[in-house]
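Chemist: So here's data34.pdb (PDB, C-alpha atoms).
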```
ATOM      1  CA  MET A1180       0.000   0.000   0.000
ATOM      2  CA  ASN A1181       1.575   3.313  -1.092
ATOM      3  CA  GLY A1182       4.854   1.462  -1.680
ATOM      4  CA  GLU A1183       4.957  -0.102   1.819
ATOM      5  CA  ILE A1184       4.498  -3.739   2.820
ATOM      6  CA  TRP A1185       0.950  -3.944   4.114
ATOM      7  CA  ASN A1186      -0.104  -7.618   4.062
ATOM      8  CA  TRP A1187       2.639 -10.209   3.836
ATOM      9  CA  ILE A1188       3.728 -13.631   5.091
ATOM     10  CA  GLY A1189       7.393 -14.607   5.058
ATOM     11  CA  TYR A1190       9.408 -17.612   6.198
ATOM     12  CA  ASP A1191      12.998 -17.798   7.455
ATOM     13  CA  LYS A1192      14.535 -21.189   6.573
ATOM     14  CA  VAL A1193      17.395 -20.745   9.051
ATOM     15  CA  THR A1194      15.285 -20.146  12.178
ATOM     16  CA  ASN A1195      12.060 -21.787  10.972
ATOM     17  CA  ASN A1196      10.176 -18.606  11.879
ATOM     18  CA  THR A1197       7.173 -17.265  10.030
ATOM     19  CA  PHE A1198       6.815 -13.492   9.804
ATOM     20  CA  VAL A1199       3.384 -11.966   9.289
ATOM     21  CA  ILE A1200       2.494  -8.381   8.413
ATOM     22  CA  ASN A1201      -1.222  -7.656   8.730
ATOM     23  CA  ASN A1202      -2.559  -4.174   7.874
ATOM     24  CA  GLY A1203       1.004  -2.807   7.972
ATOM     25  CA  ASN A1204       1.789  -4.194  11.437
ATOM     26  CA  GLY A1205       3.784  -7.155  12.750
ATOM     27  CA  TYR A1206       7.302  -8.525  12.973
ATOM     28  CA  ILE A1207       9.373  -8.770   9.809
ATOM     29  CA  LYS A1208      12.660 -10.028   8.418
ATOM     30  CA  LEU A1209      13.227  -7.905   5.338
ATOM     31  CA  TYR A1210      16.147  -8.379   2.905
ATOM     32  CA  ASP A1211      17.645  -5.865   0.501
ATOM     33  CA  TYR A1212      17.398  -6.240  -3.263
ATOM     34  CA  PHE A1213      20.380  -8.647  -3.426
ATOM     35  CA  TRP A1214      19.277 -10.779  -0.428
ATOM     36  CA  LYS A1215      22.379  -9.782   1.514
ATOM     37  CA  SER A1216      21.802  -7.174   4.219
ATOM     38  CA  PHE A1217      18.525  -7.218   6.062
ATOM     39  CA  PHE A1218      16.316  -5.722   8.746
ATOM     40  CA  GLU A1219      14.616  -7.731  11.451
ATOM     41  CA  GLY A1220      12.174  -6.164  13.841
ATOM     42  CA  GLU A1221       8.853  -4.512  14.543
ATOM     43  CA  TYR A1222       6.856  -3.148  11.656
ATOM     44  CA  LYS A1223       3.971  -0.727  12.217
ATOM     45  CA  ASN A1224       1.965   1.377   9.794
ATOM     46  CA  GLY A1225       3.946  -0.085   6.895
ATOM     47  CA  GLU A1226       7.394   1.009   8.206
ATOM     48  CA  LYS A1227      10.159   0.064  10.651
ATOM     49  CA  ASN A1228       8.737   1.146  14.029
ATOM     50  CA  GLY A1229       9.895  -0.083  17.426
ATOM     51  CA  LYS A1230      12.812  -2.382  18.184
ATOM     52  CA  GLY A1231      14.858  -3.680  15.300
ATOM     53  CA  LYS A1232      18.243  -4.700  13.937
ATOM     54  CA  GLU A1233      19.978  -3.992  10.644
ATOM     55  CA  TYR A1234      22.575  -6.507   9.444
ATOM     56  CA  ASN A1235      25.222  -6.490   6.723
ATOM     57  CA  GLU A1236      25.720  -9.293   4.178
ATOM     58  CA  ASN A1237      27.854 -11.263   6.676
ATOM     59  CA  GLY A1238      25.097 -11.257   9.293
ATOM     60  CA  ILE A1239      26.917  -8.706  11.481
ATOM     61  CA  ILE A1240      24.659  -6.185  13.218
ATOM     62  CA  LEU A1241      25.182  -2.706  11.781
ATOM     63  CA  TYR A1242      22.546  -1.042  13.949
ATOM     64  CA  GLU A1243      20.543  -2.280  16.895
ATOM     65  CA  GLY A1244      18.023  -0.032  18.502
ATOM     66  CA  LYS A1245      14.733   1.720  18.027
ATOM     67  CA  PHE A1246      13.093   3.010  14.857
ATOM     68  CA  ASP A1247      10.396   5.596  14.366
ATOM     69  CA  ASN A1248       8.838   5.720  10.879
ATOM     70  CA  GLY A1249      11.910   4.002   9.420
ATOM     71  CA  ILE A1250      14.436   6.327  11.139
ATOM     72  CA  LYS A1251      16.886   5.370  13.913
ATOM     73  CA  VAL A1252      15.851   7.127  17.148
ATOM     74  CA  GLY A1253      17.296   7.567  20.618
ATOM     75  CA  CYS A1254      14.939   5.468  22.684
ATOM     76  CA  GLY A1255      17.600   3.146  24.061
ATOM     77  CA  LYS A1256      21.039   2.326  22.766
ATOM     78  CA  GLY A1257      22.047   1.928  19.174
ATOM     79  CA  LYS A1258      25.182   0.384  17.727
ATOM     80  CA  GLU A1259      27.041   0.925  14.474
ATOM     81  CA  TYR A1260      29.612  -1.461  13.083
ATOM     82  CA  ASP A1261      32.198  -0.850  10.389
ATOM     83  CA  SER A1262      30.903  -2.525   7.239
ATOM     84  CA  PHE A1263      34.413  -3.689   6.206
ATOM     85  CA  THR A1264      35.890  -4.881   9.518
ATOM     86  CA  ASP A1265      32.633  -5.794  11.332
ATOM     87  CA  LYS A1266      33.998  -4.071  14.446
ATOM     88  CA  LEU A1267      31.990  -1.817  16.731
ATOM     89  CA  LYS A1268      32.562   1.850  15.860
ATOM     90  CA  TYR A1269      29.771   3.641  17.783
ATOM     91  CA  GLU A1270      27.547   2.787  20.703
ATOM     92  CA  GLY A1271      25.052   5.307  21.989
ATOM     93  CA  ASN A1272      21.823   7.172  21.385
ATOM     94  CA  TYR A1273      20.221   8.424  18.188
ATOM     95  CA  PHE A1274      17.642  11.018  17.285
ATOM     96  CA  ASP A1275      16.278  11.439  13.745
ATOM     97  CA  GLY A1276      18.915   9.020  12.440
ATOM     98  CA  LYS A1277      21.867  10.965  13.903
ATOM     99  CA  LYS A1278      24.064  10.478  16.977
ATOM    100  CA  GLU A1279      22.470  12.391  19.841
ATOM    101  CA  GLY A1280      23.160  12.338  23.590
ATOM    102  CA  GLU A1281      25.595  10.000  25.305
ATOM    103  CA  GLY A1282      27.786   7.843  23.098
ATOM    104  CA  LYS A1283      31.123   6.112  22.642
ATOM    105  CA  GLU A1284      33.326   5.773  19.556
ATOM    106  CA  TYR A1285      35.819   2.957  18.999
ATOM    107  CA  ASN A1286      38.743   2.438  16.634
ATOM    108  CA  ASN A1287      39.346  -0.678  14.505
ATOM    109  CA  ASN A1288      41.249  -2.300  17.387
ATOM    110  CA  ASP A1289      38.080  -2.240  19.545
ATOM    111  CA  CYS A1290      39.629   0.427  21.786
ATOM    112  CA  LEU A1291      37.528   3.268  23.141
ATOM    113  CA  ILE A1292      38.735   6.513  21.579
ATOM    114  CA  LEU A1293      35.990   8.941  22.640
ATOM    115  CA  GLU A1294      33.134   9.003  25.105
ATOM    116  CA  GLY A1295      30.830  11.920  25.636
ATOM    117  CA  LYS A1296      27.898  13.824  24.226
ATOM    118  CA  PHE A1297      26.789  14.163  20.630
ATOM    119  CA  LYS A1298      24.357  16.629  19.099
ATOM    120  CA  ASN A1299      22.891  16.438  15.610
ATOM    121  CA  GLY A1300      25.398  13.733  14.650
ATOM    122  CA  LYS A1301      28.485  15.685  15.767
ATOM    123  CA  ARG A1302      30.702  15.528  18.848
ATOM    124  CA  LEU A1303      29.753  18.112  21.444
ATOM    125  CA  ARG A1304      32.048  17.321  24.358
ATOM    126  CA  GLY A1305      33.822  14.364  25.807
ATOM    127  CA  LYS A1306      36.965  12.533  26.754
ATOM    128  CA  GLU A1307      39.500  11.232  24.237
ATOM    129  CA  TYR A1308      41.628   8.160  24.804
ATOM    130  CA  ALA A1309      44.772   6.744  23.214
ATOM    131  CA  ASN A1310      46.168   3.351  24.167
ATOM    132  CA  LYS A1311      43.465   3.123  26.861
ATOM    133  CA  LYS A1312      44.713   6.307  28.564
ATOM    134  CA  LEU A1313      42.759   9.532  28.964
ATOM    135  CA  ILE A1314      44.630  12.135  26.952
ATOM    136  CA  PHE A1315      42.205  14.985  26.336
ATOM    137  CA  GLU A1316      38.953  16.324  27.722
ATOM    138  CA  ARG A1317      37.344  18.683  25.271
ATOM    139  CA  GLU A1318      34.460  20.724  24.041
ATOM    140  CA  CYS A1319      33.729  20.824  20.337
ATOM    141  CA  TYR A1320      32.400  23.237  17.798
ATOM    142  CA  GLU A1321      30.871  21.698  14.656
ATOM    143  CA  GLY A1322      32.331  18.326  15.682
ATOM    144  CA  LYS A1323      35.936  19.594  15.904
ATOM    145  CA  ARG A1324      38.124  20.299  18.943
ATOM    146  CA  TRP A1325      37.544  23.747  20.284
ATOM    147  CA  LYS A1326      38.882  23.937  23.809
ATOM    148  CA  GLY A1327      39.777  21.494  26.523
ATOM    149  CA  LYS A1328      42.290  20.077  28.916
ATOM    150  CA  LEU A1329      45.277  17.968  27.839
ATOM    151  CA  TYR A1330      46.126  15.187  30.326
ATOM    152  CA  ASP A1331      49.023  13.304  28.804
ATOM    153  CA  MET A1332      51.471  14.707  26.266
ATOM    154  CA  ASP A1333      53.245  11.351  26.032
ATOM    155  CA  PHE A1334      50.286   9.251  24.806
ATOM    156  CA  GLN A1335      52.208   7.600  21.934
ATOM    157  CA  LYS A1336      53.955   5.097  24.272
TER
END
```
In structure tokens, what does this structure look like?
Modeler:
Amino acid sequence: MNGEIWNWIGYDKVTNNTFVINNGNGYIKLYDYFWKSFFEGEYKNGEKNGKGKEYNENGIILYEGKFDNGIKVGCGKGKEYDSFTDKLKYEGNYFDGKKEGEGKEYNNNDCLILEGKFKNGKRLRGKEYANKKLIFERECYEGKRWKGKLYDMDFQK
């Protein structure tokens, strides 16, 4: 209906689960055009609404959290994974599909590199780490360092 799945029955061979959408509502496992990445979760009014997960073609979760009218929202925690390395790169809250509120960013070695607040998808303030050591506490302007306190000049060791 209007381009959205409204009445549908699907079957997952791997888990032996049946997914039913009735009048635009239900629980769905929805694949992309190439049957690689997919969404699994609550479906209301013909869109992703409620709890859900997005996966890449290797079955790694790219985002886990809440959706509102198909958009990632901040009700609870969301996660983003690097699509090439499958490693966690962000864990935190979302609003209107962007990072918002408390969150943590990680590098490709699974080390925490920043924890703090985000606004409209950009860093607002937080603590930076290198080699698991606090090196900088900062405030940001447009996502870039603006002012702060340096803790350890010798963070390369």
Chemist: Can you work out which one of A:Glu1307, A:Glu1226, A:Glu1284, A:Glu1318 has the shortest atom-to-atom distance to Tyr1206 (chain A), counting only C-alpha atoms?
Modeler: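 Closest to Tyr1206 (chain A) of all the choices is A:Glu1226.
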Chemist: Between A:Lys1312, A:Lys1296, A:Lys1278, A:Lys1208, which is the closest to Ile1188 (chain A) once you count only C-alpha atoms?
Modeler: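 Answer, going by the shortest atom-to-atom distance: A:Lys1208.
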Chemist: Step by step, gather every atom of region 1232-1240 of chain A that the file lists, find the box along x, y and z that holds them, add 3 Å on each side, and finally give centre and edge lengths in Å to one decimal, as AutoDock Vina command-line options.
Modeler:
```
--center_x 23.0 --center_y -7.6 --center_z 9.1 --size_x 15.6 --size_y 13.3 --size_z 15.8
```
Chemist: Check which residues satisfy the PyMOL selection byres ((chain A and resi 1316) around 6) in the file shown, then give them as a list in words.
Modeler: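 Those residues are Gly1305, Lys1306, Phe1315, Arg1317, Gly1327 and Lys1328 of chain A.
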Chemist: Show which residues sit within 9 Å of Lys1245 (chain A), as a PyMOL selection string. Count all atoms listed in the file, and ignore same-chain residues fewer than 4 positions away.
Modeler: chain A and resi 1227-1232+1250-1257+1273
Chemist: Take the residues from that selection and write them out as a PDB file, in the coordinates of the input, keeping C-alpha atoms.
Modeler:
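Result saved to result10.pdb:
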```pdb
ATOM      1  CA  LYS A1227      10.159   0.064  10.651  1.00  0.00           C
ATOM      2  CA  ASN A1228       8.737   1.146  14.029  1.00  0.00           C
ATOM      3  CA  GLY A1229       9.895  -0.083  17.426  1.00  0.00           C
ATOM      4  CA  LYS A1230      12.812  -2.382  18.184  1.00  0.00           C
ATOM      5  CA  GLY A1231      14.858  -3.680  15.300  1.00  0.00           C
ATOM      6  CA  LYS A1232      18.243  -4.700  13.937  1.00  0.00           C
ATOM      7  CA  ILE A1250      14.436   6.327  11.139  1.00  0.00           C
ATOM      8  CA  LYS A1251      16.886   5.370  13.913  1.00  0.00           C
ATOM      9  CA  VAL A1252      15.851   7.127  17.148  1.00  0.00           C
ATOM     10  CA  GLY A1253      17.296   7.567  20.618  1.00  0.00           C
ATOM     11  CA  CYS A1254      14.939   5.468  22.684  1.00  0.00           C
ATOM     12  CA  GLY A1255      17.600   3.146  24.061  1.00  0.00           C
ATOM     13  CA  LYS A1256      21.039   2.326  22.766  1.00  0.00           C
ATOM     14  CA  GLY A1257      22.047   1.928  19.174  1.00  0.00           C
ATOM     15  CA  TYR A1273      20.221   8.424  18.188  1.00  0.00           C
TER      16      TYR A1273
END
```
Chemist: Evaluate the PyMOL selection byres ((chain A and resi 1205) around 7) and record the selected residues as a ChimeraX atom specification, following the chain and residue labels used in the document.
Modeler: /A:1199-1201,1204,1206-1207,1221-1223
Chemist: Taking the file above as input, evaluate the PyMOL selection byres ((chain A and resi 1285) around 10) and report the hits as a ChimeraX atom specification.
Modeler: /A:1260,1266-1270,1283-1284,1286-1294,1308
Chemist: Mind giving me the straight-line distance from CA of Phe1263 (chain A) to CA of Ile1314 (chain A) in Å, one decimal?
Modeler: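 Computing it gives 28.0 Å between the two atoms.
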Chemist: At a cut-off of 7 Å, using all atoms listed in the file, what residues contact Glu1279 (chain A)? Leave out same-chain residues fewer than 3 positions from it and give the result as a list of chain:residue names.
Modeler: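 Surrounding residues, per the criterion: A:Asn1272, A:Tyr1273, A:Phe1274, A:Phe1297, A:Lys1298, A:Asn1299, A:Gly1300.
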Chemist: Any idea what the distance is between CA of Lys1258 (chain A) and CA of Gly1271 (chain A)?
Modeler: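 Atom-to-atom, CA of Lys1258 (chain A) and CA of Gly1271 (chain A) are spaced 6.5 Å apart.
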Chemist: Any idea what the distance is between CA of Tyr1320 (chain A) and CA of Lys1277 (chain A)?
Modeler: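 According to the coordinates, CA of Tyr1320 (chain A) and CA of Lys1277 (chain A) are separated by 16.6 Å.
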Chemist: Please, can region 1225-1261 of chain A be completed to N, CA and C atoms and returned as a PDB file, in the frame of the given file?
Modeler:
```
ATOM      1  N   GLY A1225       3.225   0.102   8.148  1.00  0.00           N
ATOM      2  CA  GLY A1225       3.946  -0.085   6.895  1.00  0.00           C
ATOM      3  C   GLY A1225       5.402   0.334   6.911  1.00  0.00           C
ATOM      4  N   GLU A1226       5.986   0.596   8.113  1.00  0.00           N
ATOM      5  CA  GLU A1226       7.394   1.009   8.206  1.00  0.00           C
ATOM      6  C   GLU A1226       8.058   0.396   9.433  1.00  0.00           C
ATOM      7  N   LYS A1227       9.406   0.485   9.475  1.00  0.00           N
ATOM      8  CA  LYS A1227      10.159   0.064  10.651  1.00  0.00           C
ATOM      9  C   LYS A1227       9.749   0.979  11.810  1.00  0.00           C
ATOM     10  N   ASN A1228       9.167   0.395  12.841  1.00  0.00           N
ATOM     11  CA  ASN A1228       8.737   1.146  14.029  1.00  0.00           C
ATOM     12  C   ASN A1228       8.905   0.252  15.242  1.00  0.00           C
ATOM     13  N   GLY A1229       9.637   0.718  16.235  1.00  0.00           N
ATOM     14  CA  GLY A1229       9.895  -0.083  17.426  1.00  0.00           C
ATOM     15  C   GLY A1229      11.294  -0.654  17.392  1.00  0.00           C
ATOM     16  N   LYS A1230      11.490  -1.749  18.100  1.00  0.00           N
ATOM     17  CA  LYS A1230      12.812  -2.382  18.184  1.00  0.00           C
ATOM     18  C   LYS A1230      13.148  -3.106  16.890  1.00  0.00           C
ATOM     19  N   GLY A1231      14.428  -2.992  16.502  1.00  0.00           N
ATOM     20  CA  GLY A1231      14.858  -3.680  15.300  1.00  0.00           C
ATOM     21  C   GLY A1231      16.367  -3.737  15.173  1.00  0.00           C
ATOM     22  N   LYS A1232      16.812  -4.542  14.210  1.00  0.00           N
ATOM     23  CA  LYS A1232      18.243  -4.700  13.937  1.00  0.00           C
ATOM     24  C   LYS A1232      18.457  -4.650  12.433  1.00  0.00           C
ATOM     25  N   GLU A1233      19.548  -3.985  12.039  1.00  0.00           N
ATOM     26  CA  GLU A1233      19.978  -3.992  10.644  1.00  0.00           C
ATOM     27  C   GLU A1233      21.293  -4.752  10.575  1.00  0.00           C
ATOM     28  N   TYR A1234      21.402  -5.656   9.603  1.00  0.00           N
ATOM     29  CA  TYR A1234      22.575  -6.507   9.444  1.00  0.00           C
ATOM     30  C   TYR A1234      23.237  -6.238   8.106  1.00  0.00           C
ATOM     31  N   ASN A1235      24.550  -6.538   8.021  1.00  0.00           N
ATOM     32  CA  ASN A1235      25.222  -6.490   6.723  1.00  0.00           C
ATOM     33  C   ASN A1235      25.157  -7.864   6.073  1.00  0.00           C
ATOM     34  N   GLU A1236      25.795  -8.032   4.920  1.00  0.00           N
ATOM     35  CA  GLU A1236      25.720  -9.293   4.178  1.00  0.00           C
ATOM     36  C   GLU A1236      26.382 -10.461   4.888  1.00  0.00           C
ATOM     37  N   ASN A1237      27.219 -10.199   5.905  1.00  0.00           N
ATOM     38  CA  ASN A1237      27.854 -11.263   6.676  1.00  0.00           C
ATOM     39  C   ASN A1237      27.076 -11.619   7.936  1.00  0.00           C
ATOM     40  N   GLY A1238      25.916 -10.993   8.113  1.00  0.00           N
ATOM     41  CA  GLY A1238      25.097 -11.257   9.293  1.00  0.00           C
ATOM     42  C   GLY A1238      25.547 -10.501  10.527  1.00  0.00           C
ATOM     43  N   ILE A1239      26.438  -9.519  10.358  1.00  0.00           N
ATOM     44  CA  ILE A1239      26.917  -8.706  11.481  1.00  0.00           C
ATOM     45  C   ILE A1239      25.955  -7.537  11.675  1.00  0.00           C
ATOM     46  N   ILE A1240      25.591  -7.273  12.927  1.00  0.00           N
ATOM     47  CA  ILE A1240      24.659  -6.185  13.218  1.00  0.00           C
ATOM     48  C   ILE A1240      25.325  -4.845  12.937  1.00  0.00           C
ATOM     49  N   LEU A1241      24.706  -4.050  12.063  1.00  0.00           N
ATOM     50  CA  LEU A1241      25.182  -2.706  11.781  1.00  0.00           C
ATOM     51  C   LEU A1241      24.515  -1.687  12.696  1.00  0.00           C
ATOM     52  N   TYR A1242      23.270  -1.932  13.047  1.00  0.00           N
ATOM     53  CA  TYR A1242      22.546  -1.042  13.949  1.00  0.00           C
ATOM     54  C   TYR A1242      21.556  -1.876  14.744  1.00  0.00           C
ATOM     55  N   GLU A1243      21.504  -1.616  16.025  1.00  0.00           N
ATOM     56  CA  GLU A1243      20.543  -2.280  16.895  1.00  0.00           C
ATOM     57  C   GLU A1243      19.940  -1.224  17.790  1.00  0.00           C
ATOM     58  N   GLY A1244      18.659  -1.050  17.687  1.00  0.00           N
ATOM     59  CA  GLY A1244      18.023  -0.032  18.502  1.00  0.00           C
ATOM     60  C   GLY A1244      16.581   0.182  18.105  1.00  0.00           C
ATOM     61  N   LYS A1245      16.130   1.386  18.303  1.00  0.00           N
ATOM     62  CA  LYS A1245      14.733   1.720  18.027  1.00  0.00           C
ATOM     63  C   LYS A1245      14.603   2.488  16.722  1.00  0.00           C
ATOM     64  N   PHE A1246      13.439   2.320  16.092  1.00  0.00           N
ATOM     65  CA  PHE A1246      13.093   3.010  14.857  1.00  0.00           C
ATOM     66  C   PHE A1246      11.769   3.736  15.054  1.00  0.00           C
ATOM     67  N   ASP A1247      11.649   4.852  14.398  1.00  0.00           N
ATOM     68  CA  ASP A1247      10.396   5.596  14.366  1.00  0.00           C
ATOM     69  C   ASP A1247      10.167   6.011  12.919  1.00  0.00           C
ATOM     70  N   ASN A1248       9.135   5.459  12.291  1.00  0.00           N
ATOM     71  CA  ASN A1248       8.838   5.720  10.879  1.00  0.00           C
ATOM     72  C   ASN A1248      10.047   5.481   9.979  1.00  0.00           C
ATOM     73  N   GLY A1249      10.778   4.393  10.246  1.00  0.00           N
ATOM     74  CA  GLY A1249      11.910   4.002   9.420  1.00  0.00           C
ATOM     75  C   GLY A1249      13.223   4.676   9.767  1.00  0.00           C
ATOM     76  N   ILE A1250      13.234   5.573  10.770  1.00  0.00           N
ATOM     77  CA  ILE A1250      14.436   6.327  11.139  1.00  0.00           C
ATOM     78  C   ILE A1250      14.945   5.857  12.500  1.00  0.00           C
ATOM     79  N   LYS A1251      16.274   5.728  12.633  1.00  0.00           N
ATOM     80  CA  LYS A1251      16.886   5.370  13.913  1.00  0.00           C
ATOM     81  C   LYS A1251      16.615   6.492  14.913  1.00  0.00           C
ATOM     82  N   VAL A1252      16.143   6.125  16.116  1.00  0.00           N
ATOM     83  CA  VAL A1252      15.851   7.127  17.148  1.00  0.00           C
ATOM     84  C   VAL A1252      16.515   6.754  18.465  1.00  0.00           C
ATOM     85  N   GLY A1253      16.527   7.706  19.393  1.00  0.00           N
ATOM     86  CA  GLY A1253      17.296   7.567  20.618  1.00  0.00           C
ATOM     87  C   GLY A1253      16.668   6.830  21.764  1.00  0.00           C
ATOM     88  N   CYS A1254      15.557   6.207  21.583  1.00  0.00           N
ATOM     89  CA  CYS A1254      14.939   5.468  22.684  1.00  0.00           C
ATOM     90  C   CYS A1254      15.727   4.200  22.949  1.00  0.00           C
ATOM     91  N   GLY A1255      16.728   4.290  23.803  1.00  0.00           N
ATOM     92  CA  GLY A1255      17.600   3.146  24.061  1.00  0.00           C
ATOM     93  C   GLY A1255      18.919   3.319  23.340  1.00  0.00           C
ATOM     94  N   LYS A1256      19.707   2.283  23.360  1.00  0.00           N
ATOM     95  CA  LYS A1256      21.039   2.326  22.766  1.00  0.00           C
ATOM     96  C   LYS A1256      21.017   1.809  21.343  1.00  0.00           C
ATOM     97  N   GLY A1257      21.841   2.403  20.532  1.00  0.00           N
ATOM     98  CA  GLY A1257      22.047   1.928  19.174  1.00  0.00           C
ATOM     99  C   GLY A1257      23.511   1.580  18.997  1.00  0.00           C
ATOM    100  N   LYS A1258      23.798   0.777  18.016  1.00  0.00           N
ATOM    101  CA  LYS A1258      25.182   0.384  17.727  1.00  0.00           C
ATOM    102  C   LYS A1258      25.412   0.489  16.239  1.00  0.00           C
ATOM    103  N   GLU A1259      26.620   0.921  15.874  1.00  0.00           N
ATOM    104  CA  GLU A1259      27.041   0.925  14.474  1.00  0.00           C
ATOM    105  C   GLU A1259      28.323   0.133  14.378  1.00  0.00           C
ATOM    106  N   TYR A1260      28.416  -0.672  13.324  1.00  0.00           N
ATOM    107  CA  TYR A1260      29.612  -1.461  13.083  1.00  0.00           C
ATOM    108  C   TYR A1260      30.205  -1.056  11.752  1.00  0.00           C
ATOM    109  N   ASP A1261      31.521  -1.126  11.641  1.00  0.00           N
ATOM    110  CA  ASP A1261      32.198  -0.850  10.389  1.00  0.00           C
ATOM    111  C   ASP A1261      31.820  -1.933   9.386  1.00  0.00           C
TER     112      ASP A1261
END
```
